[in-house]
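Reviewing the structure listed below.
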Amino acid sequence: MLRYLTAGESHGRALVVIVEGLPAGLAVTVEDLRAELARRRLGYGRGPRMRFEQDEVTIVGGVRHGRTLGSPVAVEIGNTEWTRSDKWHAEMAVAPGQTEAPLTQPRPGHADLAGMQKYGFTDARDVLERASARETAARVAAGTLAKLLLAELGVAIVSHVVQLGPVRTKAVARPTPADLADVDASEVRCFDRAAEEAMVGEIKAAAADGDSLGGVVEVIGYGVSVGLGSHVHWDRKLDGLLGQALMSIQAVKGVEIGDGFEVAGRRGSAAHDPIGWDADVGYRRGSSRAGGIEGGISTGDPLVVRVAMKPLATLNRPTLQTVDVVTKAETVSFKERTDVTAVPAMGVVAETMCALVLADEATRKYGGDAVEELVANADRFRRVLREGPLG
Ligand code: EPS
């Protein structure tokens, strides 16, 4: 069973993450982590920080000679904005003191006001530094380890943008793992090149107005075996676990498993995935309306999940109405450096969250202290599926 904890503030020295429960013997390199972190920085519409800041990755523990030890893996991701300049040193100092520029005009839609009220802060920075999506870098580092473990089980996870602002993709073909490089090569991580141009146009128009855009990504899990998650209890259902993990991504407001919202309007006779038999692969559904999950259990079909992100609450041209918490006068929320949209990057974070849930469930189902043991247990389960009474 996989557990992880992240810590760190957006403009602080570094983010850290500790991942516990990885089996021993998993091949891991710093380059693996760098490659995934670089994917998270992709996307037209990200702010200047993405251009000048690097993610400085250090594996602090848990890996020796390129393999996990079965001990907790600790990763530090340094902020180069901290190490290469002193811009944030006073503002984010650990030593006792206080800011000279408290942020007192909370942004609607951000954690600012509710967080200030909950924790008793008078400076929104005390909330926003942790609420920031910068924290997702630490999740992606953890998710890279989860993806490497899943690869040992033949699982690969792909995401692509299916809506940016009002522009939706038309193509019905879903990208496969072989298409991931193509998706990443798109400026908006969109598999439908016709929609891509319109998406970039929307981002340019929103940028010119100092505004922001949301959107929807689809995540597809290939090679997920039958039997992850369980119907037996609410907190063991795979769709419930994915929902919680994906909803926890900053600015995400909706998660859909398969065709969840569309099938709600259909008759039962047209809402489910017929079960078929293929002598080579066994039971197979002809469609993916259920998104590869029935009764909280993976069916062995591709996992399909969609994730909706609201437009970011920080606008370059402040037009959102708020109240100054000191004067109580109506005003507009403060302006911070921001992204026009982070939807393309959110896709990579959504892959990460799915990978962490699936890896957690895989370790729960197959167990084992070393990767070989886990893989052998998974193979044995597949053999039972083929050769047992249902095969
Ligand atoms: C963010 C605002 C921007 C983003 C940041 C999240 O940062 P800044 O205000 O420092 O320019 O670039 O995202 C990241 C730093 C990241 O690594 O994803 C926010 O308000 O949440």
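Labels for the structure tokens follow display order: chains A, B, ..., residues from 1 in each chain, ligands from 1.
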Any chance you could tabulate, as CSV, the residues of chain A at most 7 Å from ligand 1 with each one's nearest atom pair and distance in Å to one decimal, using only C-alpha atoms and all ligand atoms, in chain and rising number order?
residue,atom,partner,partner_atom_place_in_ligand_line,distance
A:Ser10,CA,ligand 1,15 (C),6.3
A:His11,CA,ligand 1,10 (O),6.4
A:Arg41,CA,ligand 1,18 (O),6.7
A:Arg46,CA,ligand 1,12 (O),6.7
A:Gly47,CA,ligand 1,12 (O),5.5
A:Pro48,CA,ligand 1,11 (O),6.4
A:Arg49,CA,ligand 1,11 (O),4.7
A:Met50,CA,ligand 1,12 (O),5.8
A:Ala131,CA,ligand 1,21 (O),6.7
A:Ser132,CA,ligand 1,21 (O),3.3
A:Ala133,CA,ligand 1,21 (O),4.2
A:Arg134,CA,ligand 1,16 (C),3.6
A:Thr136,CA,ligand 1,18 (O),6.5
A:Ala137,CA,ligand 1,17 (O),6.0
A:Thr314,CA,ligand 1,20 (O),6.6
A:Glu336,CA,ligand 1,9 (O),5.8
A:Arg337,CA,ligand 1,9 (O),4.3
A:Thr338,CA,ligand 1,3 (C),4.3
A:Asp339,CA,ligand 1,4 (C),5.9
Shell of 10 Å around Glu152 of chain A, only C-alpha atoms, local chain residues under 6 positions omitted, as a count of residues only: 6
Atom-to-atom span, atom CA of Leu228 of chain A and atom CA of Ala35 of chain A, Å: 27.7 Å
Residue set, segment 313-378 of chain A restricted to helix (DSSP H, G or I), as a VMD selection string: chain A and resid 343 to 366 371 to 378
Create the file for the chosen residues now, containing N, CA, C and O atoms and written as a compact mmCIF listing (two decimals), in the first residue's frame.
# COMPACT_ATOMS: atom_id res chain seq x y z
N VAL A 343 -4.66 24.05 -17.95
CA VAL A 343 -5.36 22.80 -18.28
C VAL A 343 -4.42 21.75 -18.89
O VAL A 343 -4.46 20.59 -18.48
N PRO A 344 -3.53 22.14 -19.86
CA PRO A 344 -2.63 21.11 -20.42
C PRO A 344 -1.76 20.47 -19.34
O PRO A 344 -1.56 19.25 -19.34
N ALA A 345 -1.26 21.26 -18.41
CA ALA A 345 -0.44 20.72 -17.32
C ALA A 345 -1.28 19.88 -16.37
O ALA A 345 -0.82 18.84 -15.85
N MET A 346 -2.53 20.29 -16.16
CA MET A 346 -3.39 19.53 -15.26
C MET A 346 -3.57 18.09 -15.74
O MET A 346 -3.74 17.17 -14.94
N GLY A 347 -3.52 17.89 -17.06
CA GLY A 347 -3.63 16.53 -17.60
C GLY A 347 -2.52 15.64 -17.05
O GLY A 347 -2.77 14.49 -16.68
N VAL A 348 -1.32 16.19 -16.97
CA VAL A 348 -0.18 15.41 -16.46
C VAL A 348 -0.38 15.14 -14.97
O VAL A 348 -0.09 14.05 -14.47
N VAL A 349 -0.93 16.12 -14.26
CA VAL A 349 -1.20 15.93 -12.83
C VAL A 349 -2.32 14.88 -12.65
O VAL A 349 -2.27 14.04 -11.74
N ALA A 350 -3.31 14.91 -13.52
CA ALA A 350 -4.40 13.93 -13.44
C ALA A 350 -3.88 12.52 -13.72
O ALA A 350 -4.28 11.56 -13.05
N GLU A 351 -2.96 12.38 -14.68
CA GLU A 351 -2.30 11.08 -14.90
C GLU A 351 -1.65 10.61 -13.60
O GLU A 351 -1.75 9.44 -13.21
N THR A 352 -0.94 11.56 -12.99
CA THR A 352 -0.24 11.29 -11.73
C THR A 352 -1.18 10.77 -10.66
O THR A 352 -0.89 9.77 -9.99
N MET A 353 -2.31 11.45 -10.47
CA MET A 353 -3.22 11.06 -9.41
C MET A 353 -3.83 9.69 -9.70
O MET A 353 -4.01 8.87 -8.81
N CYS A 354 -4.15 9.42 -10.98
CA CYS A 354 -4.65 8.09 -11.36
C CYS A 354 -3.58 7.03 -11.09
O CYS A 354 -3.88 5.95 -10.56
N ALA A 355 -2.33 7.35 -11.45
CA ALA A 355 -1.24 6.39 -11.25
C ALA A 355 -1.07 6.07 -9.77
O ALA A 355 -0.87 4.91 -9.40
N LEU A 356 -1.17 7.09 -8.92
CA LEU A 356 -0.99 6.86 -7.49
C LEU A 356 -2.10 5.98 -6.93
O LEU A 356 -1.86 5.09 -6.11
N VAL A 357 -3.34 6.20 -7.40
CA VAL A 357 -4.46 5.37 -6.94
C VAL A 357 -4.29 3.94 -7.44
O VAL A 357 -4.43 2.97 -6.68
N LEU A 358 -3.96 3.78 -8.72
CA LEU A 358 -3.83 2.43 -9.28
C LEU A 358 -2.65 1.66 -8.67
O LEU A 358 -2.76 0.47 -8.39
N ALA A 359 -1.54 2.37 -8.44
CA ALA A 359 -0.38 1.70 -7.84
C ALA A 359 -0.69 1.29 -6.41
O ALA A 359 -0.31 0.20 -5.96
N ASP A 360 -1.42 2.16 -5.70
CA ASP A 360 -1.82 1.83 -4.33
C ASP A 360 -2.69 0.56 -4.34
O ASP A 360 -2.46 -0.38 -3.57
N GLU A 361 -3.65 0.54 -5.25
CA GLU A 361 -4.55 -0.63 -5.33
C GLU A 361 -3.81 -1.88 -5.79
O GLU A 361 -4.09 -2.98 -5.33
N ALA A 362 -2.86 -1.71 -6.71
CA ALA A 362 -2.10 -2.87 -7.21
C ALA A 362 -1.26 -3.47 -6.09
O ALA A 362 -1.18 -4.69 -5.94
N THR A 363 -0.64 -2.60 -5.27
CA THR A 363 0.17 -3.14 -4.17
C THR A 363 -0.73 -3.80 -3.13
O THR A 363 -0.36 -4.80 -2.51
N ARG A 364 -1.95 -3.25 -2.97
CA ARG A 364 -2.90 -3.86 -2.02
C ARG A 364 -3.32 -5.25 -2.52
O ARG A 364 -3.41 -6.19 -1.76
N LYS A 365 -3.61 -5.35 -3.82
CA LYS A 365 -4.11 -6.62 -4.35
C LYS A 365 -3.01 -7.68 -4.46
O LYS A 365 -3.22 -8.83 -4.13
N TYR A 366 -1.84 -7.25 -4.96
CA TYR A 366 -0.81 -8.25 -5.27
C TYR A 366 0.23 -8.42 -4.17
O TYR A 366 0.88 -9.46 -4.10
N VAL A 371 9.73 -6.07 -6.29
CA VAL A 371 8.96 -5.94 -7.54
C VAL A 371 8.69 -7.31 -8.16
O VAL A 371 7.58 -7.57 -8.62
N GLU A 372 9.70 -8.19 -8.15
CA GLU A 372 9.51 -9.52 -8.78
C GLU A 372 8.35 -10.26 -8.11
O GLU A 372 7.60 -10.97 -8.79
N GLU A 373 8.25 -10.12 -6.81
CA GLU A 373 7.19 -10.81 -6.07
C GLU A 373 5.82 -10.26 -6.47
O GLU A 373 4.87 -11.01 -6.73
N LEU A 374 5.73 -8.94 -6.56
CA LEU A 374 4.48 -8.29 -6.96
C LEU A 374 4.07 -8.74 -8.37
O LEU A 374 2.92 -9.12 -8.61
N VAL A 375 5.04 -8.74 -9.29
CA VAL A 375 4.74 -9.10 -10.68
C VAL A 375 4.35 -10.58 -10.76
O VAL A 375 3.41 -10.95 -11.47
N ALA A 376 5.04 -11.43 -10.01
CA ALA A 376 4.72 -12.86 -10.02
C ALA A 376 3.30 -13.09 -9.48
O ALA A 376 2.55 -13.91 -10.01
N ASN A 377 2.95 -12.34 -8.43
CA ASN A 377 1.59 -12.47 -7.87
C ASN A 377 0.53 -12.03 -8.88
O ASN A 377 -0.53 -12.63 -8.99
N ALA A 378 0.84 -10.96 -9.62
CA ALA A 378 -0.11 -10.47 -10.64
C ALA A 378 -0.24 -11.50 -11.76
O ALA A 378 -1.35 -11.76 -12.24
Pick from A:Gly268, A:Gly300, A:Pro274, A:Gly97, whichever lies nearest to Gly223 of chain A using only C-alpha atoms: A:Gly300
Quick one: residues within 10 Å of Met247 of chain A, only C-alpha atoms, excluding same-chain residues fewer than 4 positions away - as a PDB file with N, CA and C atoms, in the first residue's frame?
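What follows is the written file around_35.pdb:
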ATOM      1  N   LEU A 241     -12.232   6.228  -5.155  1.00  0.00           N
ATOM      2  CA  LEU A 241     -10.847   6.601  -4.848  1.00  0.00           C
ATOM      3  C   LEU A 241     -10.291   7.553  -5.904  1.00  0.00           C
ATOM      4  N   LEU A 242     -10.624   7.261  -7.175  1.00  0.00           N
ATOM      5  CA  LEU A 242     -10.166   8.147  -8.256  1.00  0.00           C
ATOM      6  C   LEU A 242     -10.819   9.516  -8.128  1.00  0.00           C
ATOM      7  N   GLY A 243     -12.115   9.512  -7.799  1.00  0.00           N
ATOM      8  CA  GLY A 243     -12.827  10.784  -7.647  1.00  0.00           C
ATOM      9  C   GLY A 243     -12.175  11.645  -6.585  1.00  0.00           C
ATOM     10  N   ALA A 251      -8.023  23.609  -8.367  1.00  0.00           N
ATOM     11  CA  ALA A 251      -8.926  24.200  -9.380  1.00  0.00           C
ATOM     12  C   ALA A 251      -9.812  23.177 -10.110  1.00  0.00           C
ATOM     13  N   VAL A 252      -9.738  21.898  -9.722  1.00  0.00           N
ATOM     14  CA  VAL A 252     -10.628  20.906 -10.342  1.00  0.00           C
ATOM     15  C   VAL A 252     -11.998  20.954  -9.672  1.00  0.00           C
ATOM     16  N   LYS A 253     -13.037  20.989 -10.479  1.00  0.00           N
ATOM     17  CA  LYS A 253     -14.404  21.095  -9.966  1.00  0.00           C
ATOM     18  C   LYS A 253     -15.304  19.953 -10.406  1.00  0.00           C
ATOM     19  N   GLY A 254     -14.806  19.066 -11.268  1.00  0.00           N
ATOM     20  CA  GLY A 254     -15.664  17.965 -11.708  1.00  0.00           C
ATOM     21  C   GLY A 254     -14.862  16.763 -12.175  1.00  0.00           C
ATOM     22  N   VAL A 255     -15.375  15.568 -11.894  1.00  0.00           N
ATOM     23  CA  VAL A 255     -14.739  14.319 -12.351  1.00  0.00           C
ATOM     24  C   VAL A 255     -15.842  13.420 -12.897  1.00  0.00           C
ATOM     25  N   VAL A 307     -11.750  15.048 -16.321  1.00  0.00           N
ATOM     26  CA  VAL A 307     -11.523  15.939 -15.184  1.00  0.00           C
ATOM     27  C   VAL A 307     -11.717  17.389 -15.644  1.00  0.00           C
ATOM     28  N   ALA A 308     -12.592  18.126 -14.950  1.00  0.00           N
ATOM     29  CA  ALA A 308     -12.896  19.515 -15.344  1.00  0.00           C
ATOM     30  C   ALA A 308     -12.218  20.500 -14.398  1.00  0.00           C
ATOM     31  N   MET A 309     -11.532  21.473 -14.983  1.00  0.00           N
ATOM     32  CA  MET A 309     -10.822  22.498 -14.210  1.00  0.00           C
ATOM     33  C   MET A 309     -11.491  23.842 -14.446  1.00  0.00           C
ATOM     34  N   ALA A 350      -3.310  14.911 -13.519  1.00  0.00           N
ATOM     35  CA  ALA A 350      -4.404  13.935 -13.443  1.00  0.00           C
ATOM     36  C   ALA A 350      -3.876  12.519 -13.715  1.00  0.00           C
ATOM     37  N   MET A 353      -2.309  11.452 -10.474  1.00  0.00           N
ATOM     38  CA  MET A 353      -3.223  11.056  -9.410  1.00  0.00           C
ATOM     39  C   MET A 353      -3.828   9.686  -9.702  1.00  0.00           C
TER      40      MET A 353
END
Distance criterion (only C-alpha atoms): nearest to Val224 of chain A out of A:Leu153, A:Val183, A:Val162, A:Ala194: A:Leu153
For segment 16-18 of chain A, list every protein, DNA or RNA residue within 9 Å, evaluated using only C-alpha atoms, and leave out those in the same chain fewer than 5 positions away; present the list as a PDB file with N, CA and C atoms, in the first residue's frame.
ATOM      1  N   ARG A   3       1.704   5.211   0.356  1.00  0.00           N
ATOM      2  CA  ARG A   3       1.295   6.450   1.033  1.00  0.00           C
ATOM      3  C   ARG A   3       2.267   7.535   0.624  1.00  0.00           C
ATOM      4  N   TYR A   4       1.816   8.762   0.612  1.00  0.00           N
ATOM      5  CA  TYR A   4       2.749   9.848   0.309  1.00  0.00           C
ATOM      6  C   TYR A   4       2.276  11.132   0.967  1.00  0.00           C
ATOM      7  N   LEU A   5       3.239  11.977   1.265  1.00  0.00           N
ATOM      8  CA  LEU A   5       2.960  13.269   1.890  1.00  0.00           C
ATOM      9  C   LEU A   5       3.812  14.311   1.184  1.00  0.00           C
ATOM     10  N   THR A   6       3.226  15.446   0.857  1.00  0.00           N
ATOM     11  CA  THR A   6       4.021  16.533   0.284  1.00  0.00           C
ATOM     12  C   THR A   6       4.096  17.669   1.297  1.00  0.00           C
ATOM     13  N   ALA A   7       5.144  18.491   1.174  1.00  0.00           N
ATOM     14  CA  ALA A   7       5.256  19.700   1.984  1.00  0.00           C
ATOM     15  C   ALA A   7       5.961  20.766   1.156  1.00  0.00           C
ATOM     16  N   GLY A   8       5.769  22.013   1.544  1.00  0.00           N
ATOM     17  CA  GLY A   8       6.468  23.102   0.870  1.00  0.00           C
ATOM     18  C   GLY A   8       5.509  24.148   0.346  1.00  0.00           C
ATOM     19  N   PRO A  72      11.188   4.292   2.533  1.00  0.00           N
ATOM     20  CA  PRO A  72      10.519   5.466   1.962  1.00  0.00           C
ATOM     21  C   PRO A  72      11.433   6.183   0.960  1.00  0.00           C
ATOM     22  N   VAL A  73      10.856   6.594  -0.159  1.00  0.00           N
ATOM     23  CA  VAL A  73      11.623   7.368  -1.144  1.00  0.00           C
ATOM     24  C   VAL A  73      11.318   8.844  -0.894  1.00  0.00           C
ATOM     25  N   ALA A  74      12.357   9.621  -0.661  1.00  0.00           N
ATOM     26  CA  ALA A  74      12.175  11.051  -0.406  1.00  0.00           C
ATOM     27  C   ALA A  74      12.749  11.846  -1.570  1.00  0.00           C
ATOM     28  N   VAL A  75      11.985  12.801  -2.054  1.00  0.00           N
ATOM     29  CA  VAL A  75      12.419  13.616  -3.195  1.00  0.00           C
ATOM     30  C   VAL A  75      12.279  15.088  -2.818  1.00  0.00           C
ATOM     31  N   GLU A  76      13.301  15.870  -3.164  1.00  0.00           N
ATOM     32  CA  GLU A  76      13.227  17.323  -2.982  1.00  0.00           C
ATOM     33  C   GLU A  76      13.226  17.980  -4.353  1.00  0.00           C
ATOM     34  N   ILE A  77      12.318  18.945  -4.525  1.00  0.00           N
ATOM     35  CA  ILE A  77      12.269  19.698  -5.779  1.00  0.00           C
ATOM     36  C   ILE A  77      12.525  21.158  -5.430  1.00  0.00           C
ATOM     37  N   GLY A  78      13.729  21.610  -5.724  1.00  0.00           N
ATOM     38  CA  GLY A  78      14.102  22.984  -5.369  1.00  0.00           C
ATOM     39  C   GLY A  78      13.466  23.984  -6.315  1.00  0.00           C
ATOM     40  N   ALA A 138       5.349  18.217  -6.622  1.00  0.00           N
ATOM     41  CA  ALA A 138       5.690  17.144  -5.674  1.00  0.00           C
ATOM     42  C   ALA A 138       4.836  15.903  -5.946  1.00  0.00           C
ATOM     43  N   ARG A 139       3.574  16.128  -6.294  1.00  0.00           N
ATOM     44  CA  ARG A 139       2.714  14.973  -6.609  1.00  0.00           C
ATOM     45  C   ARG A 139       3.226  14.246  -7.851  1.00  0.00           C
ATOM     46  N   ALA A 141       6.242  14.044  -8.908  1.00  0.00           N
ATOM     47  CA  ALA A 141       7.423  13.241  -8.551  1.00  0.00           C
ATOM     48  C   ALA A 141       6.960  11.900  -7.963  1.00  0.00           C
ATOM     49  N   ALA A 142       5.993  11.946  -7.054  1.00  0.00           N
ATOM     50  CA  ALA A 142       5.468  10.699  -6.465  1.00  0.00           C
ATOM     51  C   ALA A 142       4.803   9.849  -7.544  1.00  0.00           C
TER      52      ALA A 142
END
Selection: 7 Å around Ser333 of chain A, only C-alpha atoms, excl. self and same-chain fewer than 5 positions, as an MDAnalysis selection string: chainID A and resid 105:107 318 320:322
Expected file: the selected residues, N, CA and C atoms, as a compact mmCIF listing (two decimals), in the first residue's frame:
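Final output, saved to again14.txt:
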# COMPACT_ATOMS: atom_id res chain seq x y z
N GLN A 105 -6.90 41.58 -0.04
CA GLN A 105 -8.07 41.61 -0.94
C GLN A 105 -8.23 40.24 -1.58
N PRO A 106 -8.82 39.29 -0.86
CA PRO A 106 -8.85 37.88 -1.31
C PRO A 106 -9.54 37.69 -2.65
N ARG A 107 -9.02 36.71 -3.41
CA ARG A 107 -9.57 36.41 -4.75
C ARG A 107 -10.76 35.48 -4.62
N PRO A 318 -7.39 42.66 -12.97
CA PRO A 318 -8.30 42.32 -11.88
C PRO A 318 -9.71 42.87 -12.07
N LEU A 320 -12.47 40.81 -10.62
CA LEU A 320 -13.36 40.07 -9.73
C LEU A 320 -13.62 40.88 -8.45
N GLN A 321 -14.88 41.00 -8.14
CA GLN A 321 -15.25 41.82 -6.98
C GLN A 321 -14.91 41.11 -5.67
N THR A 322 -14.36 41.89 -4.73
CA THR A 322 -14.07 41.34 -3.42
C THR A 322 -14.16 42.46 -2.38
Distance criterion (only C-alpha atoms): nearest to Thr29 of chain A out of A:Ser269, A:Asn316, A:Thr58, A:Gln250: A:Thr58
